Every structure is written in structure tokens, then in C-alpha cells.
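Raw contents of my_file_8.txt, compact mmCIF, C-alpha atoms:
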```txt
# COMPACT_ATOMS: atom_id res chain seq x y z
CA MET A 9 80.74 -46.33 -4.34
CA GLY A 10 84.27 -45.00 -3.79
CA ASP A 11 86.58 -45.49 -0.84
CA ILE A 12 86.35 -48.24 1.67
CA GLN A 13 85.65 -46.87 5.12
CA LYS A 14 85.10 -48.41 8.50
CA SER A 15 82.64 -46.28 10.39
CA SER A 16 79.23 -46.66 11.89
CA ASN A 17 78.56 -43.05 10.94
CA ILE A 18 79.03 -43.60 7.23
CA VAL A 19 76.15 -42.31 5.12
CA TRP A 20 74.50 -45.24 3.41
CA HIS A 21 73.14 -43.78 0.19
CA GLU A 22 69.88 -45.31 -1.01
CA ALA A 23 70.32 -46.84 -4.46
CA GLN A 24 67.32 -47.60 -6.62
CA VAL A 25 66.90 -49.75 -9.70
CA SER A 26 63.79 -48.40 -11.41
CA ARG A 27 61.20 -50.07 -13.59
CA ASP A 28 62.49 -48.05 -16.54
CA MET A 29 66.00 -49.40 -16.01
CA ARG A 30 64.68 -52.96 -15.97
CA GLU A 31 62.58 -52.42 -19.09
CA ASN A 32 65.55 -50.93 -20.90
CA MET A 33 67.61 -53.97 -19.99
CA ASN A 34 64.86 -56.32 -21.13
CA GLY A 35 64.04 -54.50 -24.36
CA HIS A 36 60.28 -54.57 -23.74
CA GLN A 37 57.75 -53.13 -21.33
CA GLY A 38 56.19 -54.70 -18.28
CA ALA A 39 52.45 -55.35 -18.52
CA VAL A 40 49.76 -57.78 -17.37
CA LEU A 41 47.71 -59.91 -19.74
CA TRP A 42 44.68 -60.81 -17.63
CA PHE A 43 42.97 -63.83 -19.18
CA THR A 44 39.34 -64.23 -18.09
CA GLY A 45 36.64 -66.65 -19.17
CA LEU A 46 34.62 -69.72 -18.22
CA SER A 47 36.17 -72.92 -16.92
CA GLY A 48 37.39 -74.75 -20.03
CA ALA A 49 37.50 -71.62 -22.17
CA GLY A 50 41.22 -72.07 -22.75
CA LYS A 51 42.63 -69.31 -20.53
CA SER A 52 45.57 -71.24 -19.12
CA THR A 53 46.39 -72.98 -22.39
CA LEU A 54 46.34 -69.71 -24.31
CA ALA A 55 48.34 -67.89 -21.63
CA HIS A 56 51.06 -70.55 -21.71
CA ALA A 57 51.10 -70.63 -25.52
CA VAL A 58 51.47 -66.83 -25.63
CA GLU A 59 54.21 -67.07 -23.03
CA GLU A 60 56.11 -69.66 -25.05
CA ARG A 61 56.05 -67.45 -28.14
CA LEU A 62 57.13 -64.40 -26.14
CA HIS A 63 59.92 -66.34 -24.46
CA ARG A 64 61.26 -67.41 -27.86
CA MET A 65 61.28 -63.70 -28.78
CA GLY A 66 63.46 -62.97 -25.74
CA VAL A 67 60.67 -61.46 -23.65
CA ARG A 68 60.81 -61.92 -19.86
CA THR A 69 57.51 -63.58 -18.93
CA PHE A 70 55.70 -65.29 -16.08
CA VAL A 71 52.30 -66.97 -15.80
CA ILE A 72 50.38 -66.68 -12.53
CA ASP A 73 47.55 -69.18 -12.32
CA GLY A 74 45.75 -71.40 -9.88
CA ASP A 75 48.51 -74.00 -10.07
CA ASN A 76 51.17 -71.78 -8.54
CA VAL A 77 48.97 -69.63 -6.31
CA ARG A 78 46.30 -71.80 -4.71
CA HIS A 79 48.85 -74.05 -2.98
CA GLY A 80 51.10 -71.17 -1.99
CA LEU A 81 50.26 -67.49 -1.62
CA CYS A 82 46.52 -68.16 -1.40
CA ALA A 83 46.62 -71.52 0.37
CA ASP A 84 44.82 -69.92 3.32
CA LEU A 85 41.82 -68.98 1.18
CA SER A 86 38.65 -71.01 0.65
CA PHE A 87 36.27 -70.73 -2.29
CA SER A 88 33.80 -68.55 -0.39
CA ASP A 89 32.70 -65.31 -2.07
CA ALA A 90 34.90 -63.18 0.19
CA ASP A 91 37.92 -65.42 -0.28
CA ARG A 92 37.50 -65.46 -4.07
CA VAL A 93 37.55 -61.67 -4.03
CA GLU A 94 40.68 -61.72 -1.86
CA ASN A 95 42.29 -64.31 -4.15
CA ILE A 96 41.87 -62.05 -7.18
CA ARG A 97 43.01 -59.00 -5.23
CA ARG A 98 46.25 -60.73 -4.18
CA VAL A 99 46.92 -61.91 -7.72
CA GLY A 100 46.45 -58.33 -8.91
CA GLU A 101 48.89 -57.04 -6.30
CA VAL A 102 51.48 -59.69 -7.12
CA ALA A 103 51.05 -58.95 -10.83
CA LYS A 104 51.80 -55.32 -9.99
CA LEU A 105 55.08 -56.33 -8.35
CA PHE A 106 55.99 -58.38 -11.43
CA VAL A 107 55.25 -55.39 -13.67
CA GLN A 108 57.48 -53.21 -11.53
CA ALA A 109 60.11 -55.90 -12.00
CA GLY A 110 59.79 -55.37 -15.77
CA MET A 111 58.10 -58.69 -16.53
CA LEU A 112 55.39 -59.33 -19.07
CA THR A 113 53.01 -61.12 -16.73
CA LEU A 114 50.13 -63.37 -17.71
CA THR A 115 47.35 -64.43 -15.33
CA ALA A 116 44.74 -67.14 -15.89
CA PHE A 117 41.76 -67.08 -13.55
CA ILE A 118 38.04 -67.37 -14.28
CA SER A 119 37.62 -64.05 -12.42
CA PRO A 120 33.88 -64.01 -13.25
CA PHE A 121 32.90 -60.72 -11.62
CA ARG A 122 33.37 -57.32 -13.25
CA ALA A 123 33.87 -55.64 -9.88
CA ASP A 124 36.84 -57.88 -9.08
CA ARG A 125 38.45 -57.40 -12.50
CA ASN A 126 37.86 -53.67 -12.24
CA GLN A 127 39.59 -53.65 -8.87
CA VAL A 128 42.63 -55.22 -10.54
CA ARG A 129 42.35 -52.72 -13.41
CA HIS A 130 42.43 -49.99 -10.78
CA ILE A 131 45.51 -51.52 -9.11
CA LEU A 132 47.37 -51.87 -12.41
CA GLY A 133 46.17 -48.85 -14.38
CA ASP A 134 47.47 -48.74 -17.96
CA ASP A 135 49.45 -51.93 -17.37
CA PHE A 136 46.22 -53.97 -17.29
CA ILE A 137 45.28 -55.74 -20.53
CA GLU A 138 42.07 -57.74 -20.22
CA VAL A 139 41.92 -60.77 -22.52
CA TYR A 140 38.44 -62.22 -22.80
CA CYS A 141 38.57 -65.88 -23.74
CA ASN A 142 35.14 -66.00 -25.33
CA THR A 143 34.15 -69.64 -25.56
CA PRO A 144 30.36 -70.25 -25.33
CA LEU A 145 29.16 -72.16 -22.30
CA ASP A 146 27.91 -75.11 -24.37
CA VAL A 147 31.35 -75.56 -25.93
CA CYS A 148 33.08 -75.40 -22.54
CA GLU A 149 30.58 -77.87 -21.16
CA SER A 150 30.98 -80.26 -24.09
CA ARG A 151 34.78 -80.17 -23.64
CA ASP A 152 34.55 -80.58 -19.85
CA VAL A 153 38.24 -81.50 -19.67
CA LYS A 154 38.25 -81.76 -15.89
CA GLY A 155 34.74 -83.23 -15.52
CA LEU A 156 33.72 -80.20 -13.47
CA TYR A 157 30.61 -79.28 -15.48
CA LYS A 158 29.21 -82.78 -15.00
CA LYS A 159 29.72 -82.48 -11.27
CA ALA A 160 28.24 -78.99 -11.22
CA ARG A 161 25.14 -80.19 -13.12
CA ALA A 162 24.81 -83.00 -10.59
CA GLY A 163 24.86 -80.42 -7.82
CA GLU A 164 28.17 -81.66 -6.46
CA ILE A 165 29.89 -78.27 -6.85
CA ALA A 166 28.23 -75.17 -5.41
CA ASP A 167 28.46 -71.77 -7.11
CA PHE A 168 30.00 -73.12 -10.29
CA THR A 169 30.55 -70.34 -12.81
CA GLY A 170 28.17 -70.61 -15.79
CA ILE A 171 25.95 -73.18 -14.08
CA SER A 172 25.00 -71.98 -10.62
CA SER A 173 26.93 -68.70 -10.48
CA PRO A 174 27.08 -65.98 -13.16
CA TYR A 175 29.95 -65.13 -15.47
CA GLU A 176 29.94 -61.42 -16.17
CA ALA A 177 31.56 -61.05 -19.58
CA PRO A 178 33.91 -58.08 -20.08
CA GLU A 179 32.28 -55.11 -21.79
CA HIS A 180 35.47 -53.34 -22.82
CA ALA A 181 38.18 -55.99 -22.91
CA GLU A 182 41.37 -54.84 -24.60
CA ILE A 183 41.48 -58.18 -26.43
CA SER A 184 38.62 -60.58 -27.13
CA VAL A 185 39.47 -63.93 -28.66
CA ASN A 186 37.10 -66.57 -29.94
CA THR A 187 38.73 -69.40 -28.08
CA GLY A 188 35.75 -71.58 -28.93
CA GLU A 189 36.22 -71.29 -32.71
CA ASP A 190 39.70 -70.11 -33.60
CA SER A 191 42.85 -72.20 -33.49
CA LEU A 192 45.36 -71.72 -30.72
CA ASP A 193 47.79 -70.21 -33.24
CA ASP A 194 45.19 -67.68 -34.35
CA CYS A 195 44.48 -66.64 -30.78
CA VAL A 196 48.18 -66.33 -29.97
CA GLU A 197 48.67 -64.11 -33.03
CA GLN A 198 45.83 -61.83 -31.96
CA VAL A 199 47.36 -61.30 -28.54
CA LEU A 200 50.85 -60.69 -29.98
CA ALA A 201 49.46 -58.23 -32.52
CA TYR A 202 47.88 -56.25 -29.71
CA LEU A 203 51.12 -56.18 -27.71
CA GLN A 204 53.03 -54.95 -30.75
CA ALA A 205 50.45 -52.30 -31.62
CA LYS A 206 50.51 -51.04 -28.04
CA GLY A 207 54.30 -50.96 -28.06
CA VAL A 208 54.73 -53.42 -25.18
CA ILE A 209 56.99 -55.54 -27.38
CA GLY A 210 58.84 -54.64 -30.55
CA ASN A 211 58.08 -56.03 -33.99
CA VAL A 212 60.23 -59.15 -33.88
CA MET B 7 52.35 -74.65 -34.03
CA GLY B 8 51.66 -75.63 -37.68
CA ASP B 9 48.48 -75.26 -39.73
CA ILE B 10 45.74 -72.83 -39.02
CA GLN B 11 42.53 -74.64 -38.24
CA LYS B 12 39.07 -73.54 -37.30
CA SER B 13 37.62 -76.11 -34.99
CA SER B 14 36.30 -76.26 -31.50
CA ASN B 15 37.68 -79.78 -31.26
CA ILE B 16 41.26 -78.80 -31.85
CA VAL B 17 43.68 -80.15 -29.26
CA TRP B 18 45.21 -77.24 -27.42
CA HIS B 19 48.65 -78.49 -26.44
CA GLU B 20 49.94 -77.18 -23.12
CA ALA B 21 53.18 -75.24 -23.58
CA GLN B 22 55.44 -74.55 -20.63
CA VAL B 23 58.30 -72.15 -20.15
CA SER B 24 60.34 -73.60 -17.31
CA ARG B 25 62.51 -71.98 -14.68
CA ASP B 26 65.56 -73.51 -16.37
CA MET B 27 64.66 -71.85 -19.66
CA ARG B 28 64.33 -68.49 -17.95
CA GLU B 29 67.63 -68.90 -16.09
CA ASN B 30 69.39 -69.85 -19.32
CA MET B 31 68.01 -66.72 -20.98
CA ASN B 32 69.10 -64.56 -18.04
CA GLY B 33 72.55 -66.07 -17.63
CA HIS B 34 72.18 -66.48 -13.86
CA GLN B 35 70.13 -68.44 -11.35
CA GLY B 36 67.04 -67.41 -9.48
CA ALA B 37 67.46 -67.13 -5.69
CA VAL B 38 66.26 -65.15 -2.68
CA LEU B 39 68.53 -62.99 -0.55
CA TRP B 40 66.57 -62.67 2.69
CA PHE B 41 67.91 -59.67 4.64
CA THR B 42 67.03 -59.78 8.34
CA GLY B 43 68.04 -57.55 11.25
CA LEU B 44 66.92 -54.84 13.63
CA SER B 45 65.19 -51.67 12.53
CA GLY B 46 67.98 -49.37 11.36
CA ALA B 47 70.43 -52.21 10.78
CA GLY B 48 70.70 -51.32 7.09
CA LYS B 49 68.68 -54.13 5.52
CA SER B 50 66.88 -52.08 2.90
CA THR B 51 69.88 -49.90 2.08
CA LEU B 52 72.13 -52.92 1.65
CA ALA B 53 69.52 -54.80 -0.39
CA HIS B 54 69.12 -51.89 -2.79
CA ALA B 55 72.90 -51.39 -3.03
CA VAL B 56 73.39 -55.07 -3.85
CA GLU B 57 70.58 -54.86 -6.38
CA GLU B 58 72.18 -51.86 -8.10
CA ARG B 59 75.48 -53.70 -8.46
CA LEU B 60 73.75 -56.83 -9.76
CA HIS B 61 71.69 -54.81 -12.21
CA ARG B 62 74.85 -53.23 -13.63
CA MET B 63 76.14 -56.78 -14.10
CA GLY B 64 73.06 -57.62 -16.17
CA VAL B 65 71.34 -59.66 -13.46
CA ARG B 66 67.52 -59.61 -13.32
CA THR B 67 66.65 -58.42 -9.82
CA PHE B 68 63.78 -57.24 -7.66
CA VAL B 69 63.56 -55.98 -4.08
CA ILE B 70 60.48 -56.84 -2.02
CA ASP B 71 60.20 -54.69 1.09
CA GLY B 72 57.67 -52.95 3.29
CA ASP B 73 57.40 -50.07 0.83
CA ASN B 74 55.93 -52.14 -1.98
CA VAL B 75 54.11 -54.77 0.08
CA ARG B 76 52.47 -53.10 3.06
CA HIS B 77 50.33 -50.79 0.89
CA GLY B 78 49.50 -53.53 -1.61
CA LEU B 79 49.59 -57.28 -1.17
CA CYS B 80 49.56 -57.06 2.64
CA ALA B 81 47.44 -53.91 3.01
CA ASP B 82 44.80 -56.02 4.79
CA LEU B 83 47.24 -57.03 7.54
CA SER B 84 47.78 -55.28 10.87
CA PHE B 85 50.89 -55.49 13.04
CA SER B 86 49.42 -58.12 15.37
CA ASP B 87 51.50 -61.23 15.98
CA ALA B 88 49.33 -63.37 13.71
CA ASP B 89 49.36 -60.79 10.93
CA ARG B 90 53.12 -60.37 11.12
CA VAL B 91 53.49 -64.11 10.64
CA GLU B 92 51.11 -63.96 7.66
CA ASN B 93 53.00 -60.99 6.23
CA ILE B 94 56.27 -62.91 6.22
CA ARG B 95 54.56 -66.03 4.84
CA ARG B 96 53.12 -64.10 1.89
CA VAL B 97 56.45 -62.45 1.16
CA GLY B 98 58.05 -65.90 1.15
CA GLU B 99 55.43 -67.22 -1.26
CA VAL B 100 55.77 -64.22 -3.58
CA ALA B 101 59.55 -64.59 -3.47
CA LYS B 102 59.06 -68.20 -4.56
CA LEU B 103 57.09 -67.04 -7.61
CA PHE B 104 59.86 -64.57 -8.45
CA VAL B 105 62.46 -67.34 -8.19
CA GLN B 106 60.41 -69.51 -10.53
CA ALA B 107 60.40 -66.51 -12.85
CA GLY B 108 64.21 -66.66 -12.81
CA MET B 109 64.74 -63.48 -10.82
CA LEU B 110 67.40 -62.84 -8.19
CA THR B 111 65.04 -61.58 -5.50
CA LEU B 112 65.97 -59.54 -2.43
CA THR B 113 63.70 -59.07 0.58
CA ALA B 114 64.16 -56.60 3.42
CA PHE B 115 62.05 -57.24 6.53
CA ILE B 116 63.02 -57.26 10.20
CA SER B 117 61.55 -60.79 10.37
CA PRO B 118 62.65 -61.14 14.02
CA PHE B 119 61.45 -64.68 14.71
CA ARG B 120 63.39 -67.80 13.76
CA ALA B 121 60.21 -69.78 13.28
CA ASP B 122 58.95 -67.34 10.63
CA ARG B 123 62.26 -67.27 8.78
CA ASN B 124 62.46 -71.04 8.95
CA GLN B 125 58.99 -71.25 7.44
CA VAL B 126 60.27 -69.21 4.51
CA ARG B 127 63.38 -71.38 4.33
CA HIS B 128 61.07 -74.36 4.09
CA ILE B 129 59.03 -72.71 1.31
CA LEU B 130 62.13 -71.80 -0.70
CA GLY B 131 64.50 -74.68 0.04
CA ASP B 132 67.97 -74.24 -1.48
CA ASP B 133 66.91 -70.96 -3.05
CA PHE B 134 66.84 -69.30 0.40
CA ILE B 135 69.93 -67.27 1.34
CA GLU B 136 69.64 -65.68 4.77
CA VAL B 137 71.61 -62.43 5.13
CA TYR B 138 71.99 -61.35 8.73
CA CYS B 139 72.52 -57.59 8.97
CA ASN B 140 74.32 -57.66 12.28
CA THR B 141 74.25 -54.15 13.69
CA PRO B 142 74.22 -53.96 17.51
CA LEU B 143 71.10 -52.54 19.10
CA ASP B 144 72.94 -49.51 20.54
CA VAL B 145 74.19 -48.55 17.08
CA CYS B 146 70.71 -48.90 15.55
CA GLU B 147 69.26 -46.89 18.40
CA SER B 148 71.89 -44.16 18.11
CA ARG B 149 71.19 -43.88 14.36
CA ASP B 150 67.41 -43.92 14.87
CA VAL B 151 66.87 -42.66 11.32
CA LYS B 152 63.08 -42.83 11.56
CA GLY B 153 62.82 -41.80 15.22
CA LEU B 154 61.18 -45.11 16.03
CA TYR B 155 63.48 -46.12 18.89
CA LYS B 156 62.75 -42.87 20.70
CA LYS B 157 59.04 -43.53 20.37
CA ALA B 158 59.46 -47.15 21.45
CA ARG B 159 61.45 -46.08 24.55
CA ALA B 160 58.67 -43.62 25.34
CA GLY B 161 56.18 -46.49 25.18
CA GLU B 162 54.45 -45.07 22.11
CA ILE B 163 55.08 -48.17 19.99
CA ALA B 164 54.12 -51.57 21.38
CA ASP B 165 56.12 -54.72 20.65
CA PHE B 166 59.04 -52.87 19.09
CA THR B 167 61.78 -55.28 18.08
CA GLY B 168 64.86 -54.94 20.28
CA ILE B 169 63.07 -52.82 22.88
CA SER B 170 59.83 -54.51 23.89
CA SER B 171 59.89 -57.53 21.60
CA PRO B 172 62.80 -59.92 20.99
CA TYR B 173 65.00 -60.19 17.91
CA GLU B 174 66.09 -63.79 17.45
CA ALA B 175 69.41 -63.59 15.61
CA PRO B 176 70.04 -66.22 12.91
CA GLU B 177 72.17 -69.13 14.09
CA HIS B 178 73.14 -70.42 10.68
CA ALA B 179 72.76 -67.50 8.27
CA GLU B 180 74.34 -68.13 4.88
CA ILE B 181 75.78 -64.60 5.05
CA SER B 182 76.43 -62.46 8.12
CA VAL B 183 77.53 -58.87 7.55
CA ASN B 184 78.71 -56.37 10.14
CA THR B 185 76.43 -53.60 8.95
CA GLY B 186 77.27 -51.66 12.10
CA GLU B 187 81.01 -51.48 11.38
CA ASP B 188 81.78 -52.18 7.75
CA SER B 189 81.22 -49.79 4.87
CA LEU B 190 78.35 -50.31 2.48
CA ASP B 191 80.82 -51.27 -0.25
CA ASP B 192 82.39 -53.91 1.97
CA CYS B 193 79.01 -55.41 2.77
CA VAL B 194 77.99 -55.44 -0.89
CA GLU B 195 81.22 -57.22 -1.81
CA GLN B 196 80.60 -59.89 0.82
CA VAL B 197 77.14 -60.64 -0.58
CA LEU B 198 78.39 -60.70 -4.18
CA ALA B 199 81.27 -63.00 -3.22
CA TYR B 200 78.80 -65.46 -1.71
CA LEU B 201 76.60 -65.39 -4.82
CA GLN B 202 79.61 -66.07 -7.03
CA ALA B 203 80.94 -68.85 -4.81
CA LYS B 204 77.50 -70.51 -4.80
CA GLY B 205 77.28 -70.17 -8.58
CA VAL B 206 74.13 -68.04 -8.55
CA ILE B 207 75.90 -65.47 -10.68
CA GLY B 208 79.04 -65.79 -12.81
CA ASN B 209 82.35 -64.13 -12.10
CA VAL B 210 81.72 -60.84 -13.87
```

Please rewrite the model in this file as C-alpha cells.
Amino acid sequence: MGDIQKSSNIVWHEAQVSRDMRENMNGHQGAVLWFTGLSGAGKSTLAHAVEERLHRMGVRTFVIDGDNVRHGLCADLSFSDADRVENIRRVGEVAKLFVQAGMLTLTAFISPFRADRNQVRHILGDDFIEVYCNTPLDVCESRDVKGLYKKARAGEIADFTGISSPYEAPEHAEISVNTGEDSLDDCVEQVLAYLQAKGVIGNV
Amino acid sequence: MGDIQKSSNIVWHEAQVSRDMRENMNGHQGAVLWFTGLSGAGKSTLAHAVEERLHRMGVRTFVIDGDNVRHGLCADLSFSDADRVENIRRVGEVAKLFVQAGMLTLTAFISPFRADRNQVRHILGDDFIEVYCNTPLDVCESRDVKGLYKKARAGEIADFTGISSPYEAPEHAEISVNTGEDSLDDCVEQVLAYLQAKGVIGNV
């Protein structure tokens, strides 16, 4: 970056800020916490609570969920089987970009099918941390915060996960939290403990 | 975040880390520098050079370009007209997520059509900063770093921007740099000066 020259023949050297450089600046690693579970299991609430704690610790975070994806990046997608697969694929690819940017990224999608989650695991490799929000169906249905289970039982929503479409629980999730029994604080602590043990964040 | 409780009826309060909170932590604003120009105009090189300078100033940055998008998020897209439009749309939507995450985001795509760039401007609003890399066609063609112009002239590449497909130059770009005449350092300084004048970054 030395002398100032005026020439169309000047060699324009390709600079590159690497993931390592970003992580060093941030003081923590990039990674993806992939929250999966039934509707009403607490995925989004837990993801945001974990994010808040991490943010207070100085960690660079971002939550990708239906709220900021379905009206934007994936606005062209329906809820057909093929489009649900594509929705999860795109979220996985965007999460990969965020990891390269050095961010601790959290995603909150039902993502009911093992094949789809495994595709994301393949995209992200060691950066993928599956967090199974294990709330039993009857608890989710009794909460029914959005009234969706009632509608699904009445046949007003097709292919509703847990009712008319399967939820394939993770078999080897990195983190499994009893979001149906434990307090939010407990669940947050379990996720943070994993991140510290794995060395994604320091012991703050 | 007080007592530890074990109850499935516990109210799970929704936490939220806002863009403002992230920007305060970072010490700069989120924004998108959208580099546009002919193939060989220097978009990617300039974007990475600006990023390197910003990174050294402690700014959180990320470059989105063909290298990290075409094999991932947009791997399902061809180079048809419709798919090129969709490619730019997705990049705009991902850039929006990065801005919400508080990042100073740089994109490097030919993006030859005003309508497509205006769509992104609409998505991003005031966060959109168009950077026109204004290198004349004959200079780009004489550089021909990737040998693409030669192939396009030989008719081996259809709809090649500048040869067999139009490039619609920006009429009101926030920044216009003479990437065909000025040195890389000069161009970097012009972009940084704009970011400081706009208050995106401080005077470091």
C-alpha cells in the first residue's frame, strides 16, 4: 500500500481478511448453534436468550429464524416439501457465510427431517452444533402459544409437524435440552457450558 | 434471569439483541458497499482492499462475492436472465441480514441492470451505498485477466456484459471511482472518506 500511482497497468494486489483474523479480533470462534424441535418447543426463545447472554459477554452473535428469513431471503418459497428443503439449505448456506465472518450464529427452525439437518451438518462441518429442544408433543400442544396445534387438529393446517407430519428427533445432537421441564436459565447454562467446553468462547 | 425453576408453565421471556446494541459494541454502523462495474473493472480487488483497511481499523467486515455465493447459497441458479435477477436479490437479502448483524458488508457483483440494483436499494434503504467501479470497456478488455473478453468476442460466451449484453451504469451512485485510472490506494481512500463523511465509521 505504498506510493500513489496513476496507471491502468498498476498491479492490484488481492488482499484477504481471513476467518482467523476476524476470530482473533472478536476473541471467540465462529460457529452455528442449530436449534431444532417441535413448534412451541422453545427454540426461538432459547436461541434469543442464549444470544443475549453471549452479547453481554462481548460475543458477536446473530439469530437467523423464520422472522428474518421467510419475508426476505426465502420469500419466494412455499411450504411444500421441496421448498422446505430449499429453505433449510439456504439457511445453512447463509449460516456458513456468517461463520466465515466470525460470528456465533444461532438458527431456530423446526427442521424436522434428519436428512435436511444432515445436509446442513455437511455444509458446516465442525462448525455445526445441533441443539435439540426436547419438549414432548403434549407439552407443546398444551402451550399452543400461536394456536397452531388447534388448527392442525382441526385439519386446517396440512403437514403440521407432530400432528400430520413426523418430527425426526436428533440421534446424536451435540446438545439436548429438556425445554419442556427445565427453566430457561438452566437451558441457557447448558448451551454456554458446551460452548466453553468446546472452546468456542472463553470462560468469562 | 433470576431463580431457577423447574416448571413447564414457566414464562419464557423473549430477549432481543438489537442492531443498535451490536453497532454500539462494534463502534461503527452496519452498511452495505455495493460494488458494481464491468468484468475486470476491479470490483472484487477494491472491495477486498477496502475490507483490509477497515479490518485494520477494527471494523467488523465481510465481503460477499461470486466466490462464496455461487458454489453455496446460489449453487442452484444458472446464468439465465431470471436466475441472475434471483442471484442479485438473494445477495441483497443476505446483505440485509449482515447489516442487521452490525457488519459493514461489501458485495462485488457485475450487477449490470439498474432495475436489479434498485431492487437491492429498496431492500436495504439508507444502508445501501452504491460504488460504481468506472473502468472503460476498452481498459477492462485490454486487461482481460480471466480471458473472458476474448471468449466473448469469439462468441463462446453468450450475454457477456459489455460485449453482447448491456451494462447500465449507475446514474446516482453514492461513490464513483475511476478504477481504470486511479491507483488502488486512491480508490480505497475515496471509499473510506465517504464512509467517514456519512458517519458509518469514525475518523480513525

Shortest interatomic distance to chain A - which of B:Thr167, B:Ser182, B:Gln35, B:Ser189, counting all atoms listed in the file: B:Ser189

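Take CA of Asn186 (chain A) and CA of Arg129 (chain A): the distance between them is 22.2 Å.
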
So that I can see what lies close to Gly168 (chain B), please list as a short mmCIF file (atom, residue, chain, number, x, y, z; two decimals) with C-alpha atoms, in the frame of the given file the residues with an atom at most 7 Å from it, counting only C-alpha atoms and leaving out residues fewer than 4 positions away in the same chain.
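Written file, part.cif:
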```
data_model
loop_
_atom_site.label_atom_id
_atom_site.label_comp_id
_atom_site.auth_asym_id
_atom_site.auth_seq_id
_atom_site.Cartn_x
_atom_site.Cartn_y
_atom_site.Cartn_z
CA LEU B 44 66.92 -54.84 13.63
CA LEU B 143 71.10 -52.54 19.10
CA PRO B 172 62.80 -59.92 20.99
CA TYR B 173 65.00 -60.19 17.91
#
```

Within 7 Å of region 97-114 of chain A, counting only C-alpha atoms, which residues show up once you throw out same-chain ones fewer than 3 positions away? Write them as a ChimeraX atom specification, please. /A:27,30-31,37-42,55,68-72,93-94,128,131-132 /B:68,78-79

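Closest approach to chain A among B:Asp89, B:Asp191, B:Glu177, B:Glu136: B:Asp191, based on all atoms listed in the file.
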
Taken to one decimal, the CA of Ala166 (chain A)-CA of Phe87 (chain A) distance is 9.7 Å
